[in-house]
Structures are given as C-alpha cells and as structure tokens.
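One structure is given below, encoded as structure tokens.
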Amino acid sequence: MDVSETEKVVMRFAPNPNGPPTLGSTRGIVVNSEYVKRYGGKFIIRFDDTDPQTKRPMLEAYDWYIQDCEWLDAKPDRVVLASDNIETYYKYAEQLIEMDKAYVCFCEGSEFKQYKDSKEPCPHRDISPESNLDNWEKMIDGEYDEKEAVLRIKTDIQHPDPALRDFGAFRIVKTPHPRPEISDRYVVWPLLDFEGAIEDHELGMTHIIRGKDLMDSEKRQKYIYDYLGWEYPKTTHWGRIKIHELGSFSTSQIRKDIEDGVYEDWADPKLPTLRAFRRRGIQPEAIRKFMIDMGVGETDISVSLDSLYAENRKVIDPIANRYFYVWDPVEMSIEDGPDDIIVNPALHPFEKRGTRDIQVGSSIYICSDDLNLIKIGDKVRLKDLYNVEIMSIEPLVGRYIGDSVDDIKKQKMRIIHWCSLNGVDVTVRSPDKEFKGICEPGILNELGKVVQFERFAFCRVDTIEPEIIAYYTHK
RNA sequence: GCUCCGAUAGUGUAGUCAGGCCAAUCAUUCCGGCCUUUCGAGCCGAAGACUCGGGUUCGAAUCCCGAUCGGAGCACCA
C-alpha cells in the first residue's frame with residue numbers, strides 16, 4: 001500500500017455487527033490498525049449497521065467488536081455507528097437530487113434489471129429534480145411500501161460494466177432497527193455504497209483496505225465523490241481468505257447453526273470466531289503476526305492454521321506451566337515401590353518457576369494409549385518418578401526397579417507420564433473431540449491460563465467450577 | 001451474457017510500479033540428524049516455485065500481447 005513516510009493516515013474497520021468478529025474480520029482489524037501504528041494517525045471502527053432486516057445487527061455484537069479490537073491491541077480512536085447518521089445521508093441525498101444526480105425509481109427489481117441490461121434508461125430517470133424531491137419526501141415520510149420506491153444514483157446507463165449503471169442508494173425497510181434508540185425512526189435506509197461513501201468522506205479517511213468483492217463498490221462510490229467534488233481515499237484490496245482446517249463460514253449460517261444446536265455458542269472451539277480462539281488460548285500477538293505475515297494480496301488464499309499455531313507456540317511456550325494429564329486413565333499398581341513419597345518436577349523446563357509437588361502412593365494412572373504400546377517384561381520410565389518393569393497387564397502391575405536416569409538412556413526405555421490417585425477430573429474440548437482424563441491437582445491454580453499437558457498439547461483452563469474444563473490450544 | 005481483478009515451492013509470502021545485484025527472500029509444513037526424563041522448542045541439514053505460449057530487449061519473475069486457470073461484481077446484503 002502506498003503511504004508516504006511522513007503522511008498521517010486515517011483508516012477504518014467497518015463491520016456489520018450481525019455476529020461476533022471472526023478470523024476474517026480480524027484481518028480488517030489487524031491490518032488497518034497496523035498501518036495506523038506504523039504511520040501514525042487514527043483508527044476508526046465504524047459499524048455499517050444500516051440493514052435492519054437482511055443482515056440485522058446483533059445488539060451484543062457492537063461491544064464484542066470493541067472488546068475484540070482492544071484484545072487485539074487495536075483499540076479504536078473513535079467508534080462510529082452509521083445508524084446514528086441517517087440524517088446526514090438524507091442531507092446528501094437531497095443535495096444529489098437537487099443536482100439531478102439522483103432520482104426516485106419506482107421500477108420493480110426485475111423490471112429495472114431489464115432496462116439496465118439493455119442499457120436503457122428507466123421511465124423514472126428523467127423525472128425533474130423537483131418531483132424527485134417530492135417523491136423523496138414521501139419516501140422518508142413512509143408513504144410508500146417496502147420495495148415500492150428506491151433512490152438511485154445516476155451514473156451512465158450505457159456504461160460497459162453493468163455493475164456501474166444507476167445503482168441503488170436508499171431503499172425502504174419498515175422493520176425497526178434493533179437499537180432501541182433508533183428503532184422505527186427511519187423507514188428509508190441507505191445501501192452500503194452510499195453510506196460508506198459519505199462516511200468515508202465525513203470521517204476524513206485517507207486510505208481504505210477492503211475485500212476485493214468491493215472493487216466495483218469503489219467505482220460506484222466515485223460517482224458520488226465526483227458529484228460532490230470530493231477526493232476519493234487511496235485504496236487497496238485483498239482476496240478471500242479460507243482456512244484450511246475450518247473451511248468457509250458465513251456469519252448468518254453460524255447464527256442459524258447455534259440456534260439449531262449444531263454449535264454450543266459463539267465461542268464453540270469448532271468456530272473461527274475470535275472468542276473461540278481466545279477461549280482456546282490463542283494469544284493476540286500471535287494472531288496479529290499471522291495476519292500481518294499474510295499481507296494484503298488480491299489473490300484468494302487458503303491458509304493453514306499451522307502457521308498461527310507456530311506463532312502462538314512461540315508466545316505461550318515460555319509462559320505455560322507443565323502438568324501431567326492422563327487421558328483415558330488406567331490404574332497401575334506398583335510393587336516394591338517406595339511408600340508415600342513426594343516428587344517435585346519443575347513447573348517449566350527452562351524457566352525457573354518452582355516445582356509442583358505430587359504425592360505418590362502405591363498406585364498411579366497411566367494413559368491407555370501408552371498401555372497399548374507396552375507388554376509384560378517391558379521396562380518404562382515414569383517421568384520424574386522412577387522406573388518400573390511391567391509384571392502384568394490385566395490387572396496392570398508394575399514393579400519398582402530403581403530411580404536411575406542413566407538406566408533409561410542406556411536401555412532406551414520408553415518415557416511416559418502418569419498421574420497420582422489424588423488427581424482431579426479434567427475434560428479437554430478440542431475442535432474435533434472431547435477428552436476425559438485426570439490431571440495433577442496443581443491445575444486448580446491455573447484458571448484462565450494456558451498450560452502444557454505434557455505429551456498431549458497446550459490447553460487453556462477455562463473453568464474450574466463446577467467441573468474442570470480446558471480447551472485444546474494446539475500441539 | 002456483460003465487466004473487473006489475480007496467478008512465485010505443499011501452504012502463505014518478498015521481489016513486479018522504476019528489467020540486470022534473483023541459478024529468487026522469509027515463515028510454516030514435511031523429511032533426516034543432534035540435543036532433551038514429555039511434547040514442543042532449539043540447533044544443523046535436505047527437499048521444494050516464477051501457469052503456459054509468443055513478443056520487446058544484450059538481458060524478463062519483472063514490460064507488452066494471447067491462452068489457460070482461479071476469483072469477484074452486475075441486490076431494494078454488507
């Protein structure tokens with residue numbers, strides 16, 4: 001993107017708050033805010049909430065966006081709600097009508113399309129500004145039904161690109177807006193091209209980055225800018241982003257699936273919402289890095305979450321305490337073992353953060369996955385505890401054969417983890433499945449934190465009461 | 001149908017505007033090795049790309065034309 005070194009920028013992220021931010025919105029938040037950080041200037045979040053019907057805003061989502069922006073270290077300098085500025089849009093609409101650059105059209109949708117496709121002006125195109133103004137007043141006053149009338153911007157009805165011929169600027173929607181302070185105050189609502197054009201100018205936008213699906217939108221908006229004598233911001237576009245592991249999602253589809261119980265809520269670990277990533281323990285810095293590395297190409301891309309996880313690992317590896325988590329536990333009794341000892345493995349392999357003290361009696365749990373790999377007579381190392389020889393599988397019995405770490409190296413013993421009988425039940429939810437297992441009691445101190453369950457994965461401890469639930473972050 | 005846009009390793013990405021310093025950058029992934037009382041990390045090594053065809057030029061990933069493939073718009077959605 002073309003920004004001169006000394007220039008201050010004003011950029012925005014303009015979502016429709018009809019659901020929570022997803023990984024897709026994140027790109028808009030991170031990239032725009034990053035430019036502002038880099039060049040100095042202002043970052044604005046503008047809610048394009050001018051469709052009370054088809055993409056009806058969710059009241060809670062306004063705050064969700066702002067929270068998620070802050071979480072991503074992209075606190076907006078200013079928050080704007082398009083639905084607050086309807087009068088402004090009306091003002092400019094009126095001006096354009098007076099200039100004979102806009103007209104009220106009474107064609108039915110398909111009817112107008114026919115005119116447009118054959119490059120013919122529709123019968124309403126040549127109505128005088130005075131009558132148009134009149135009809136416009138009636139529109140605003142609610143004298144027409146939905147779909148009966150629409151305000152169009154005059155462009156060039158013969159333009160080679162059909163997408164640019166006399167586009168709609170306002171339509172009638174009688175569904176009240178979800179915001180109580182707006183509600184049924186307006187029945188005429190602007191369409192994106194108009195609303196965005198006016199707002200971008202009013203807010204002094206210098207640069208715009210948006211999806212390439214809006215490329216034609218820009219060309220339409222330029223008509224408005226030309227008519228009003230304004231200068232259009234510099235623009236760049238990016239292509240569609242598809243996540244390998246998650247596929248494509250639409251906010252409205254997710255909303256429906258939540259209602260139908262396919263997903264638990266907006267933070268379901270299967271979903272690409274920011275809330276879901278946060279619950280899983282993905283760190284904002286990692287997301288920023290991931291998005292910035294992706295750049296702003298116009299090519300459609302299909303990215304793998306592996307890169308995001310790799311970035312996240314760099315962030316959480318030094319801070320995540322280590323614990324033993326035994327999924328699908330199987331009890332093993334120990335013969336000839338020392339009674340009631342306390343071992344104290346380090347909380348972290350290279351950061352000095354103390355130890356976790358585990359009391360061990362005459363039996364322990366191990367993973368059934370590990371059990372499947374061993375047979376009678378095998379010697380295994382119980383990590384940070386001692387070495388045992390497997391005496392029997394059914395029931396599972398191990399005999400204590402010493403503590404020596406050297407032995408395991410010489411004999412290339414398998415090293416497995418374990419859990420004492422006083423462990424606590426922990427459920428781990430991953431995008432694909434749910435694990436049930438037992439963890440050291442120390443996990444009770446880790447509410448809200450990301451830990452590493454050794455030989456399993458990084459997880460974020462989400463709840464302690466009434467049961468312990470952790471979300472799977474990644475390997 | 002009409003219009004617009006894009007194409008560099010498995011996946012992203014730098015380089016393309018101002019042609020030579022690009023036998024092409026970085027990250028991730030995969031594979032091998034070292035280290036490590038888990039996993040991961042770390043370290044070392046390896047593999048892997050300029051969509052195709054013409055043209056301009058002493059010289060093209062870079063400029064031009066065409067083809068192919070992919071995407072988007074033509075909504076009273078954003």
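Residues are referred to by chain and number: the chain letter is A, B, ... according to the order shown in the structure tokens, the number counts from 1 in that chain, and ligands are numbered separately from 1 in the order shown.
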Once you count only C-alpha atoms (C1' of nucleotides), which residues of chain A turn out to be within 8 Å of chain B? Could you give them as number ranges by chain?
A: 15-16, 48, 51, 54-55, 109, 146-147, 149-150, 160-164, 168, 170-172, 192, 212-216, 239, 293-295, 298-304, 306-307, 310, 317, 381, 383-384, 405, 415-417, 454-457, 475
Could the residues in this selection be written to a file with C-alpha atoms, as a CSV table (one decimal), in the first residue's frame?
chain,number,residue,atom,x,y,z
A,15,PRO,CA,-18.1,-4.3,10.1
A,16,ASN,CA,-21.7,-5.1,10.2
A,48,ASP,CA,-22.2,-0.4,9.0
A,51,ASP,CA,-29.7,-3.1,7.3
A,54,THR,CA,-31.5,-9.0,5.9
A,55,LYS,CA,-28.3,-8.6,7.9
A,109,GLY,CA,-36.3,-5.0,-9.2
A,146,GLU,CA,-41.2,-1.6,1.0
A,147,LYS,CA,-39.9,-2.2,-2.5
A,149,ALA,CA,-39.6,3.0,-4.4
A,150,VAL,CA,-35.8,3.3,-4.3
A,160,PRO,CA,-20.0,-1.0,-20.4
A,161,ASP,CA,-19.9,-2.5,-16.9
A,162,PRO,CA,-23.4,-3.3,-15.9
A,163,ALA,CA,-22.4,-3.2,-12.3
A,164,LEU,CA,-22.0,0.5,-12.5
A,168,GLY,CA,-29.4,2.0,-5.7
A,170,PHE,CA,-31.6,4.1,-0.5
A,171,ARG,CA,-34.4,1.6,0.0
A,172,ILE,CA,-37.4,1.3,2.2
A,192,LEU,CA,-23.6,0.2,1.6
A,212,LYS,CA,-11.9,-7.2,-3.5
A,213,ASP,CA,-15.5,-8.1,-3.6
A,214,LEU,CA,-15.9,-4.3,-3.0
A,215,MET,CA,-13.9,-3.3,-6.0
A,216,ASP,CA,-16.9,-2.3,-8.0
A,239,GLY,CA,-8.8,-11.5,-1.7
A,293,ASP,CA,2.6,-12.0,7.6
A,294,MET,CA,-0.3,-12.9,5.3
A,295,GLY,CA,0.0,-9.4,3.7
A,298,GLU,CA,-5.5,-9.7,-4.1
A,299,THR,CA,-5.2,-13.4,-4.6
A,300,ASP,CA,-7.6,-15.6,-2.8
A,301,ILE,CA,-5.7,-17.6,-0.3
A,302,SER,CA,-6.2,-20.8,1.6
A,303,VAL,CA,-4.1,-20.7,4.8
A,304,SER,CA,-3.4,-23.3,7.3
A,306,ASP,CA,-0.4,-24.4,11.4
A,307,SER,CA,1.3,-21.0,10.9
A,310,ALA,CA,3.5,-21.9,15.3
A,317,ASP,CA,5.8,-21.9,25.4
A,381,ARG,CA,10.3,-44.7,32.9
A,383,LYS,CA,8.8,-39.4,34.0
A,384,ASP,CA,10.2,-37.6,37.0
A,405,VAL,CA,18.0,-41.8,34.9
A,415,ILE,CA,9.3,-42.5,29.0
A,416,ILE,CA,5.7,-42.0,29.8
A,417,HIS,CA,3.8,-39.6,32.1
A,454,GLU,CA,3.0,-33.0,28.6
A,455,ARG,CA,2.9,-35.3,25.7
A,456,PHE,CA,-0.6,-34.1,24.9
A,457,ALA,CA,-1.0,-30.5,23.9
A,475,LYS,CA,0.2,-29.4,20.0
So which residues of region 124-256 of chain A fall under alpha helix (DSSP H) by DSSP, listed as a ChimeraX atom specification?
/A:129-140,192-202,215-228,251-256
Please provide as a VMD selection string all residues within 9 Å of Leu396 (chain A), with the sequence filter that same-chain residues fewer than 3 positions apart are discarded (counting only C-alpha atoms (C1' of nucleotides)).
chain A and resid 330 to 334 371 390 to 393
Output of the above residues as a PDB file, in the first residue's frame, restricted to N, CA and C atoms:
ATOM      1  N   VAL A 330      -5.753 -45.545  33.124  1.00  0.00           N
ATOM      2  CA  VAL A 330      -5.765 -46.936  33.564  1.00  0.00           C
ATOM      3  C   VAL A 330      -4.916 -46.981  34.841  1.00  0.00           C
ATOM      4  N   GLU A 331      -5.417 -47.667  35.837  1.00  0.00           N
ATOM      5  CA  GLU A 331      -4.662 -47.694  37.084  1.00  0.00           C
ATOM      6  C   GLU A 331      -3.578 -48.757  37.038  1.00  0.00           C
ATOM      7  N   MET A 332      -2.418 -48.409  37.541  1.00  0.00           N
ATOM      8  CA  MET A 332      -1.313 -49.361  37.623  1.00  0.00           C
ATOM      9  C   MET A 332      -0.871 -49.429  39.082  1.00  0.00           C
ATOM     10  N   SER A 333      -0.832 -50.656  39.627  1.00  0.00           N
ATOM     11  CA  SER A 333      -0.316 -50.729  40.989  1.00  0.00           C
ATOM     12  C   SER A 333       1.170 -51.055  40.937  1.00  0.00           C
ATOM     13  N   ILE A 334       1.861 -50.522  41.912  1.00  0.00           N
ATOM     14  CA  ILE A 334       3.319 -50.631  41.927  1.00  0.00           C
ATOM     15  C   ILE A 334       3.760 -51.576  43.044  1.00  0.00           C
ATOM     16  N   LEU A 371      -0.451 -47.798  27.488  1.00  0.00           N
ATOM     17  CA  LEU A 371      -0.594 -49.198  27.852  1.00  0.00           C
ATOM     18  C   LEU A 371      -0.601 -50.084  26.605  1.00  0.00           C
ATOM     19  N   ILE A 390       7.055 -53.986  33.777  1.00  0.00           N
ATOM     20  CA  ILE A 390       5.661 -54.407  33.708  1.00  0.00           C
ATOM     21  C   ILE A 390       5.567 -55.896  34.036  1.00  0.00           C
ATOM     22  N   MET A 391       4.817 -56.190  35.087  1.00  0.00           N
ATOM     23  CA  MET A 391       4.704 -57.569  35.552  1.00  0.00           C
ATOM     24  C   MET A 391       3.441 -58.231  35.016  1.00  0.00           C
ATOM     25  N   SER A 392       2.425 -57.425  34.839  1.00  0.00           N
ATOM     26  CA  SER A 392       1.139 -57.973  34.431  1.00  0.00           C
ATOM     27  C   SER A 392       0.338 -56.859  33.776  1.00  0.00           C
ATOM     28  N   ILE A 393      -0.457 -57.227  32.786  1.00  0.00           N
ATOM     29  CA  ILE A 393      -1.245 -56.217  32.094  1.00  0.00           C
ATOM     30  C   ILE A 393      -2.663 -56.183  32.650  1.00  0.00           C
TER      31      ILE A 393
END
A:Arg356, A:His177, A:Arg38, A:Lys8 ranked by distance to Arg56 (chain A), top pick (using only C-alpha atoms):
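Looking at the shortest contact to Arg56 (chain A), the residue is A:His177.
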For CA of Leu203 (chain A) and CA of Ile44 (chain A), quote the distance in Å rounded to one decimal.
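Taking CA of Leu203 (chain A) and CA of Ile44 (chain A), their separation equals 8.6 Å.
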Distance query region 44-50 of chain B at most 7 Å, only C-alpha atoms (C1' of nucleotides), self and fewer than 4 positions along chain excluded, as a PyMOL selection string
chain B and resi 8-9+61
Keeping N, CA, C and O atoms (P, O5', C5', C4', C3', O3' and C1' of nucleotides) for every residue in the selection just given, could you write it to a file as a compact mmCIF listing (two decimals), in the first residue's frame?
# COMPACT_ATOMS: atom_id res chain seq x y z
P U B 8 0.95 -17.67 -7.43
O5' U B 8 2.52 -17.55 -7.63
C5' U B 8 3.14 -18.22 -8.73
C4' U B 8 4.61 -18.35 -8.44
C3' U B 8 4.94 -19.11 -7.16
O3' U B 8 4.99 -20.51 -7.38
C1' U B 8 6.19 -17.10 -7.24
P A B 9 4.16 -21.48 -6.56
O5' A B 9 5.22 -22.57 -6.06
C5' A B 9 4.76 -23.70 -5.34
C4' A B 9 5.96 -24.45 -4.88
C3' A B 9 5.75 -25.28 -3.60
O3' A B 9 5.85 -26.67 -3.91
C1' A B 9 7.80 -24.11 -3.56
P A B 61 13.23 -14.28 -15.83
O5' A B 61 12.04 -14.43 -14.78
C5' A B 61 10.82 -14.98 -15.20
C4' A B 61 9.69 -14.47 -14.35
C3' A B 61 9.31 -13.01 -14.61
O3' A B 61 8.31 -12.94 -15.59
C1' A B 61 9.64 -13.37 -12.28
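The smallest atom-to-atom distance between Ser128 (chain A) and any of A:Ile29, A:Val104, A:Ile66, A:Val173, using only C-alpha atoms, is found for A:Val104.
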Can you list every residue in region 160-192 of chain A that DSSP puts in strand (DSSP E or B), as an mmCIF file with C-alpha atoms, in the first residue's frame?
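To be explicit, this is the file written out as states05.cif:
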data_model
loop_
_atom_site.group_PDB
_atom_site.id
_atom_site.type_symbol
_atom_site.label_atom_id
_atom_site.label_comp_id
_atom_site.auth_asym_id
_atom_site.auth_seq_id
_atom_site.Cartn_x
_atom_site.Cartn_y
_atom_site.Cartn_z
ATOM 1 C CA GLY A 168 -29.423 1.995 -5.704
ATOM 2 C CA ALA A 169 -28.617 4.301 -2.803
ATOM 3 C CA PHE A 170 -31.610 4.052 -0.487
ATOM 4 C CA ARG A 171 -34.429 1.613 -0.027
ATOM 5 C CA ILE A 172 -37.414 1.291 2.244
ATOM 6 C CA VAL A 188 -35.580 4.743 4.432
ATOM 7 C CA TRP A 189 -32.148 3.214 4.838
ATOM 8 C CA PRO A 190 -29.006 3.806 2.788
#
Find the residues near Arg12 (chain A): any atom within 12 Å, counting only C-alpha atoms (C1' of nucleotides), skip ones fewer than 2 places away on the same chain, and give them as a PyMOL selection string.
chain A and resi 9-10+14-15+28-36+41-48+69+74-80+196+199-201+203-210+233+235
Neighbour list for Ile182 (chain A) as JSON, numbers by chain, cut-off 10 Å, only C-alpha atoms (C1' of nucleotides), skip fewer than 3 positions in-chain
{"A": [83, 84, 86, 176, 177, 178, 179, 185, 186]}
Export all heavy atoms of the chosen residues as a CSV table (one decimal), in the first residue's frame?
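So result_11.csv came out as:
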chain,number,residue,atom,x,y,z
A,83,SER,N,-25.9,4.0,11.9
A,83,SER,CA,-27.3,4.2,12.2
A,83,SER,C,-27.6,5.5,12.9
A,83,SER,O,-28.7,5.9,13.1
A,83,SER,CB,-27.9,3.0,12.9
A,83,SER,OG,-27.1,2.7,14.1
A,84,ASP,N,-26.5,6.1,13.5
A,84,ASP,CA,-26.7,7.4,14.1
A,84,ASP,C,-26.7,8.5,13.1
A,84,ASP,O,-27.1,9.7,13.5
A,84,ASP,CB,-25.5,7.7,15.1
A,84,ASP,CG,-25.6,7.0,16.4
A,84,ASP,OD1,-26.8,6.7,16.8
A,84,ASP,OD2,-24.6,6.7,17.0
A,86,ILE,N,-28.2,8.8,9.9
A,86,ILE,CA,-29.1,8.7,8.8
A,86,ILE,C,-29.4,10.1,8.3
A,86,ILE,O,-29.5,10.3,7.1
A,86,ILE,CB,-30.4,8.0,9.3
A,86,ILE,CG1,-30.0,6.6,9.9
A,86,ILE,CG2,-31.3,7.8,8.1
A,86,ILE,CD1,-29.3,5.6,8.9
A,176,PRO,N,-38.2,-2.4,12.3
A,176,PRO,CA,-37.4,-1.4,13.1
A,176,PRO,C,-36.0,-1.9,13.3
A,176,PRO,O,-35.7,-3.1,13.3
A,176,PRO,CB,-38.2,-1.5,14.5
A,176,PRO,CG,-39.4,-2.3,14.2
A,176,PRO,CD,-39.2,-3.1,13.0
A,177,HIS,N,-35.1,-0.9,13.5
A,177,HIS,CA,-33.7,-1.2,13.8
A,177,HIS,C,-33.6,-1.8,15.2
A,177,HIS,O,-34.3,-1.4,16.1
A,177,HIS,CB,-32.9,0.1,13.7
A,177,HIS,CG,-31.4,-0.2,13.6
A,177,HIS,ND1,-30.7,-0.3,14.7
A,177,HIS,CD2,-30.6,-0.3,12.5
A,177,HIS,CE1,-29.4,-0.5,14.3
A,177,HIS,NE2,-29.4,-0.5,13.0
A,178,PRO,N,-32.7,-2.8,15.4
A,178,PRO,CA,-32.6,-3.4,16.8
A,178,PRO,C,-32.2,-2.4,17.9
A,178,PRO,O,-32.4,-2.6,19.0
A,178,PRO,CB,-31.5,-4.5,16.6
A,178,PRO,CG,-30.9,-4.2,15.2
A,178,PRO,CD,-31.9,-3.4,14.4
A,179,ARG,N,-31.5,-1.3,17.5
A,179,ARG,CA,-31.1,-0.4,18.5
A,179,ARG,C,-32.3,0.4,19.0
A,179,ARG,O,-33.0,1.0,18.2
A,179,ARG,CB,-30.1,0.6,18.0
A,179,ARG,CG,-28.7,0.0,17.7
A,179,ARG,CD,-27.8,1.0,17.2
A,179,ARG,NE,-27.5,2.1,18.1
A,179,ARG,CZ,-27.2,3.3,17.8
A,179,ARG,NH1,-27.2,3.7,16.6
A,179,ARG,NH2,-27.0,4.2,18.8
A,185,ARG,N,-37.5,4.9,13.9
A,185,ARG,CA,-37.3,6.3,13.5
A,185,ARG,C,-37.2,6.5,12.0
A,185,ARG,O,-37.6,7.6,11.5
A,185,ARG,CB,-36.1,6.9,14.2
A,185,ARG,CG,-36.4,7.9,15.2
A,185,ARG,CD,-35.3,8.2,16.1
A,185,ARG,NE,-34.3,9.1,15.6
A,185,ARG,CZ,-33.1,9.4,16.3
A,185,ARG,NH1,-32.9,8.8,17.4
A,185,ARG,NH2,-32.3,10.2,15.7
A,186,TYR,N,-36.7,5.5,11.3
A,186,TYR,CA,-36.5,5.7,9.9
A,186,TYR,C,-37.1,4.5,9.1
A,186,TYR,O,-37.0,3.4,9.6
A,186,TYR,CB,-35.0,5.8,9.5
A,186,TYR,CG,-34.2,6.8,10.3
A,186,TYR,CD1,-33.4,6.4,11.4
A,186,TYR,CD2,-34.4,8.2,10.1
A,186,TYR,CE1,-32.7,7.3,12.2
A,186,TYR,CE2,-33.7,9.1,10.8
A,186,TYR,CZ,-32.9,8.7,11.9
A,186,TYR,OH,-32.2,9.6,12.6
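Checking A:Lys352, A:Arg414, A:Arg313, A:Lys116 one by one against Asp370 (chain A), counting only C-alpha atoms, you find the shortest gap at A:Arg414.
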For the atom pair CA of Glu335 (chain A) and CA of Ser362 (chain A), what is the interatomic distance in Å to one decimal place?
7.4 Å
